[in-house]
Amino acid sequence: MVPFSILDLCPIVQGGTAGDAFDRTLDLARHAEGWGFRRYWLAEHHNMPGIASAATAVVIAHVAGGTSTIRVGSGGIMLANHAPLVIAEQFGTLESLFPGRIDLGLGRAPGTDQLTAHVLRRGDPNGADTFPQDVVELQAYFHEGAPSQKVRAVPGTGLAVPIWLLGSSLFSAQLAAALGLPFAFASHFAPDLLMEALAIYRGEFQPSKAYPEPYAMAAVAAYVADTEAEASRLFTSLQQSFVQLRRGRPVPLPPPVASMDGRWSVAEKAGVEHAFREAIVGSPGIAEGKINAFIERTGVDELLLTSAIFDHTARLRSFELIAQIQRSGRI
């Protein structure tokens, strides 16, 4: 049975606060643990009024501290924004606090706009270009330190925190294969290269001590409700938010609307439908069929589900229905 996990961008809704978002995230994580989801990941984004997880390691500690068994991690940390030693220390601290429950997913993009990326990198325009070297350096900090090693991650040394590479292109698929690391593809918003990336990752995979076989996960947006009409209505919050992002005016997550008519241009509608063409939107029966079709087509080892739903009760219900689909044994 393919395990299901959750990717949470800790959405800030219109009229809400970051504090509200953190409360809702922890509540969803606790429910997810009870429903049998394997992982609960949080993503690093900056200068986004609708996303509260910028200080990702802090939010991971919040979630891990309020749960007991579910794995908690990053999906991902944008390594170009940070020195590898800092990330090793942060996740070494998390692993020391919550042994055996922490994952470190790494992304190559900045997770923000170009101006904010410039501020984060303090003027270094080449942060993404050193991603392979930075990943290798970060791995080394989690190994047992040699006596001659001058710089160590404390805590971190010897903790072997699992590292994942994340991506929406072929670059990270190739790097994950070369390093023998698990790989997660961001098909929840950039599905174009999904199948090619998975093929490259599996075809070029070099076994490592931790991963003798490739392990691939893909992310998809999932909006499930008791009726297809209600699921489609809930999905309009994400559609509205994405349109505003593409217009260069990101906003807190708006409430759903009965129809998107008049809220986007023909070109914007086409862009949203293209970006979210892998999205699972519908009643439980429809969602089950779409999930099965996606798993059969991709052969993924794990499914990472994400949603930005304005009403917290509706978001809980969506993931509860997804958990019921998985437990049915028909996946």
# chains A, B, ... in the order shown; residues from 1 in each chain; ligands from 1
$ residues_around --residues "segment 112-115 of chain A" --least-positions-apart "3" --cutoff "8 Å" --atoms "only C-alpha atoms" --output "list in words"
His45, His46, Asn47, Met48, His118 and Val119 of chain A
$ residues_around --residues "Ser5 of chain A" --least-positions-apart "4" --cutoff "10 Å" --atoms "only C-alpha atoms" --output "VMD selection string"
chain A and resid 32 to 33 36 to 41 70 to 72 217 219 302 to 306 323
$ write_last_selection --atoms "all heavy atoms" --output "compact mmCIF listing (two decimals), in the first residue's frame"
# COMPACT_ATOMS: atom_id res chain seq x y z
N ALA A 32 -3.73 14.18 11.32
CA ALA A 32 -3.03 13.36 10.33
C ALA A 32 -2.32 12.18 10.99
O ALA A 32 -2.29 11.07 10.43
CB ALA A 32 -2.02 14.23 9.57
N GLU A 33 -1.73 12.41 12.14
CA GLU A 33 -1.08 11.33 12.88
C GLU A 33 -2.09 10.24 13.23
O GLU A 33 -1.83 9.05 13.04
CB GLU A 33 -0.46 11.91 14.15
CG GLU A 33 0.33 10.91 14.97
CD GLU A 33 1.07 11.61 16.11
OE1 GLU A 33 0.42 12.00 17.10
OE2 GLU A 33 2.30 11.79 15.99
N GLY A 36 -3.15 8.14 10.18
CA GLY A 36 -2.18 7.22 9.60
C GLY A 36 -1.30 7.79 8.50
O GLY A 36 -0.61 7.02 7.81
N PHE A 37 -1.26 9.11 8.33
CA PHE A 37 -0.33 9.69 7.36
C PHE A 37 1.10 9.48 7.85
O PHE A 37 1.37 9.50 9.05
CB PHE A 37 -0.61 11.18 7.18
CG PHE A 37 -1.85 11.47 6.38
CD1 PHE A 37 -3.09 11.60 7.01
CD2 PHE A 37 -1.79 11.61 5.00
CE1 PHE A 37 -4.24 11.86 6.28
CE2 PHE A 37 -2.93 11.88 4.26
CZ PHE A 37 -4.16 12.00 4.90
N ARG A 38 2.02 9.27 6.91
CA ARG A 38 3.40 8.94 7.28
C ARG A 38 4.21 10.16 7.68
O ARG A 38 4.96 10.12 8.66
CB ARG A 38 4.11 8.22 6.12
CG ARG A 38 5.59 7.95 6.41
CD ARG A 38 6.21 7.04 5.38
NE ARG A 38 5.73 5.66 5.55
CZ ARG A 38 6.20 4.63 4.85
NH1 ARG A 38 7.13 4.81 3.93
NH2 ARG A 38 5.73 3.41 5.06
N ARG A 39 4.12 11.24 6.91
CA ARG A 39 4.96 12.42 7.15
C ARG A 39 4.10 13.68 7.14
O ARG A 39 3.04 13.73 6.51
CB ARG A 39 6.02 12.60 6.03
CG ARG A 39 6.87 11.40 5.78
CD ARG A 39 7.80 11.62 4.57
NE ARG A 39 8.16 10.34 4.02
CZ ARG A 39 9.14 9.58 4.49
NH1 ARG A 39 9.87 10.01 5.51
NH2 ARG A 39 9.41 8.41 3.95
N TYR A 40 4.62 14.70 7.77
CA TYR A 40 4.01 16.02 7.75
C TYR A 40 5.12 17.02 7.46
O TYR A 40 5.98 17.27 8.31
CB TYR A 40 3.33 16.34 9.08
CG TYR A 40 2.34 17.47 9.01
CD1 TYR A 40 0.99 17.21 8.84
CD2 TYR A 40 2.76 18.80 9.08
CE1 TYR A 40 0.06 18.24 8.77
CE2 TYR A 40 1.85 19.83 9.01
CZ TYR A 40 0.50 19.55 8.85
OH TYR A 40 -0.41 20.58 8.77
N TRP A 41 5.13 17.54 6.24
CA TRP A 41 6.21 18.42 5.81
C TRP A 41 5.74 19.85 5.69
O TRP A 41 4.58 20.12 5.36
CB TRP A 41 6.75 17.96 4.46
CG TRP A 41 7.71 16.80 4.55
CD1 TRP A 41 8.01 16.06 5.65
CD2 TRP A 41 8.47 16.26 3.47
NE1 TRP A 41 8.93 15.10 5.33
CE2 TRP A 41 9.23 15.18 4.00
CE3 TRP A 41 8.60 16.56 2.12
CZ2 TRP A 41 10.10 14.42 3.23
CZ3 TRP A 41 9.46 15.81 1.33
CH2 TRP A 41 10.20 14.75 1.88
N ILE A 70 4.25 10.76 14.08
CA ILE A 70 4.36 11.11 12.67
C ILE A 70 5.72 11.74 12.39
O ILE A 70 6.24 12.50 13.22
CB ILE A 70 3.20 12.04 12.25
CG1 ILE A 70 3.10 12.13 10.73
CG2 ILE A 70 3.34 13.43 12.89
CD1 ILE A 70 1.82 12.82 10.25
N ARG A 71 6.31 11.42 11.24
CA ARG A 71 7.57 12.07 10.85
C ARG A 71 7.26 13.50 10.45
O ARG A 71 6.25 13.78 9.80
CB ARG A 71 8.24 11.32 9.70
CG ARG A 71 8.67 9.91 10.05
CD ARG A 71 9.60 9.35 8.97
NE ARG A 71 10.85 10.10 8.94
CZ ARG A 71 11.93 9.82 9.68
NH1 ARG A 71 11.90 8.80 10.53
NH2 ARG A 71 13.02 10.54 9.58
N VAL A 72 8.14 14.43 10.81
CA VAL A 72 7.95 15.84 10.51
C VAL A 72 9.21 16.36 9.83
O VAL A 72 10.33 16.02 10.22
CB VAL A 72 7.67 16.65 11.80
CG1 VAL A 72 7.27 18.08 11.45
CG2 VAL A 72 6.58 15.99 12.64
N MET A 217 8.85 10.13 -4.53
CA MET A 217 7.58 10.65 -4.05
C MET A 217 7.17 11.79 -4.97
O MET A 217 8.01 12.50 -5.51
CB MET A 217 7.73 11.13 -2.60
CG MET A 217 6.49 11.73 -1.99
SD MET A 217 6.55 11.82 -0.17
CE MET A 217 7.96 12.88 0.10
N ALA A 219 4.27 15.14 -5.28
CA ALA A 219 3.28 15.95 -4.58
C ALA A 219 2.13 16.29 -5.53
O ALA A 219 2.35 16.62 -6.70
CB ALA A 219 3.92 17.24 -4.06
N GLU A 302 5.51 6.88 -2.75
CA GLU A 302 4.78 7.60 -1.70
C GLU A 302 4.11 8.80 -2.35
O GLU A 302 4.61 9.36 -3.33
CB GLU A 302 5.75 8.05 -0.60
CG GLU A 302 5.11 8.59 0.64
CD GLU A 302 6.11 8.76 1.80
OE1 GLU A 302 7.14 8.05 1.81
OE2 GLU A 302 5.86 9.61 2.68
N LEU A 303 2.96 9.18 -1.80
CA LEU A 303 2.19 10.30 -2.34
C LEU A 303 2.16 11.42 -1.30
O LEU A 303 1.82 11.19 -0.13
CB LEU A 303 0.78 9.85 -2.67
CG LEU A 303 -0.07 10.77 -3.56
CD1 LEU A 303 0.60 10.98 -4.91
CD2 LEU A 303 -1.47 10.19 -3.74
N LEU A 304 2.53 12.64 -1.73
CA LEU A 304 2.56 13.81 -0.85
C LEU A 304 1.40 14.72 -1.25
O LEU A 304 1.37 15.25 -2.36
CB LEU A 304 3.90 14.53 -1.00
CG LEU A 304 4.20 15.68 -0.05
CD1 LEU A 304 4.28 15.20 1.39
CD2 LEU A 304 5.53 16.35 -0.45
N LEU A 305 0.45 14.89 -0.36
CA LEU A 305 -0.79 15.60 -0.66
C LEU A 305 -0.79 16.97 0.00
O LEU A 305 -0.35 17.12 1.15
CB LEU A 305 -1.98 14.79 -0.18
CG LEU A 305 -2.07 13.41 -0.85
CD1 LEU A 305 -2.65 12.39 0.09
CD2 LEU A 305 -2.87 13.48 -2.13
N THR A 306 -1.27 17.97 -0.73
CA THR A 306 -1.26 19.32 -0.21
C THR A 306 -2.55 20.03 -0.58
O THR A 306 -3.17 19.74 -1.60
CB THR A 306 -0.05 20.12 -0.74
OG1 THR A 306 -0.01 21.41 -0.11
CG2 THR A 306 -0.09 20.29 -2.24
N ALA A 323 -7.67 9.92 3.86
CA ALA A 323 -7.21 8.82 4.71
C ALA A 323 -8.14 7.61 4.61
O ALA A 323 -7.69 6.46 4.59
CB ALA A 323 -7.10 9.28 6.16
$ closest_residue --among "A:Thr67, A:Thr93, A:Gln14, A:Ser168" --to "Leu26 of chain A" --atoms "only C-alpha atoms"
A:Thr67
$ closest_atom_pairs --of "segment 204-238 of chain A" --to "segment 179-185 of chain A" --cutoff "10 Å" --atoms "only C-alpha atoms" --output "Markdown table"
| residue | atom | partner | partner_atom | distance |
| --- | --- | --- | --- | --- |
| A:Glu204 | CA | A:Gly180 | CA | 9.4 |
| A:Phe205 | CA | A:Gly180 | CA | 6.1 |
| A:Gln206 | CA | A:Gly180 | CA | 5.1 |
| A:Pro207 | CA | A:Gly180 | CA | 5.1 |
| A:Ser208 | CA | A:Gly180 | CA | 4.9 |
| A:Lys209 | CA | A:Gly180 | CA | 8.2 |
| A:Ala210 | CA | A:Gly180 | CA | 8.0 |
| A:Tyr211 | CA | A:Gly180 | CA | 6.2 |
| A:Pro212 | CA | A:Gly180 | CA | 7.5 |
| A:Glu213 | CA | A:Gly180 | CA | 8.0 |
| A:Pro214 | CA | A:Pro182 | CA | 6.3 |
| A:Tyr215 | CA | A:Pro182 | CA | 4.9 |
| A:Ala216 | CA | A:Phe183 | CA | 5.0 |
| A:Met217 | CA | A:Ala184 | CA | 4.5 |
| A:Ala218 | CA | A:Phe185 | CA | 4.7 |
| A:Ala219 | CA | A:Phe185 | CA | 6.2 |
| A:Val220 | CA | A:Phe185 | CA | 9.3 |
$ closest_residue --among "A:Arg315, A:Lys150, A:Lys269, A:His62" --to "Ile6 of chain A" --atoms "only C-alpha atoms"
A:Arg315
$ closest_residue --among "A:Arg327, A:Arg317, A:Arg108, A:Arg263" --to "Ala231 of chain A" --atoms "only C-alpha atoms"
A:Arg317
$ select_by_dssp --residues "segment 11-214 of chain A" --states "strand (DSSP E)" --output "list of chain:residue names"
A:Arg39, A:Tyr40, A:Trp41, A:Leu42, A:Arg71, A:Val72, A:Gly73, A:Ser74, A:Gly75, A:Gly76, A:Ile77, A:Met78, A:Ile102, A:Asp103, A:Leu104, A:Gly105, A:Leu106, A:Gly107, A:Ile163, A:Trp164, A:Leu165, A:Leu166, A:Gly167, A:Phe183, A:Ala184, A:Phe185
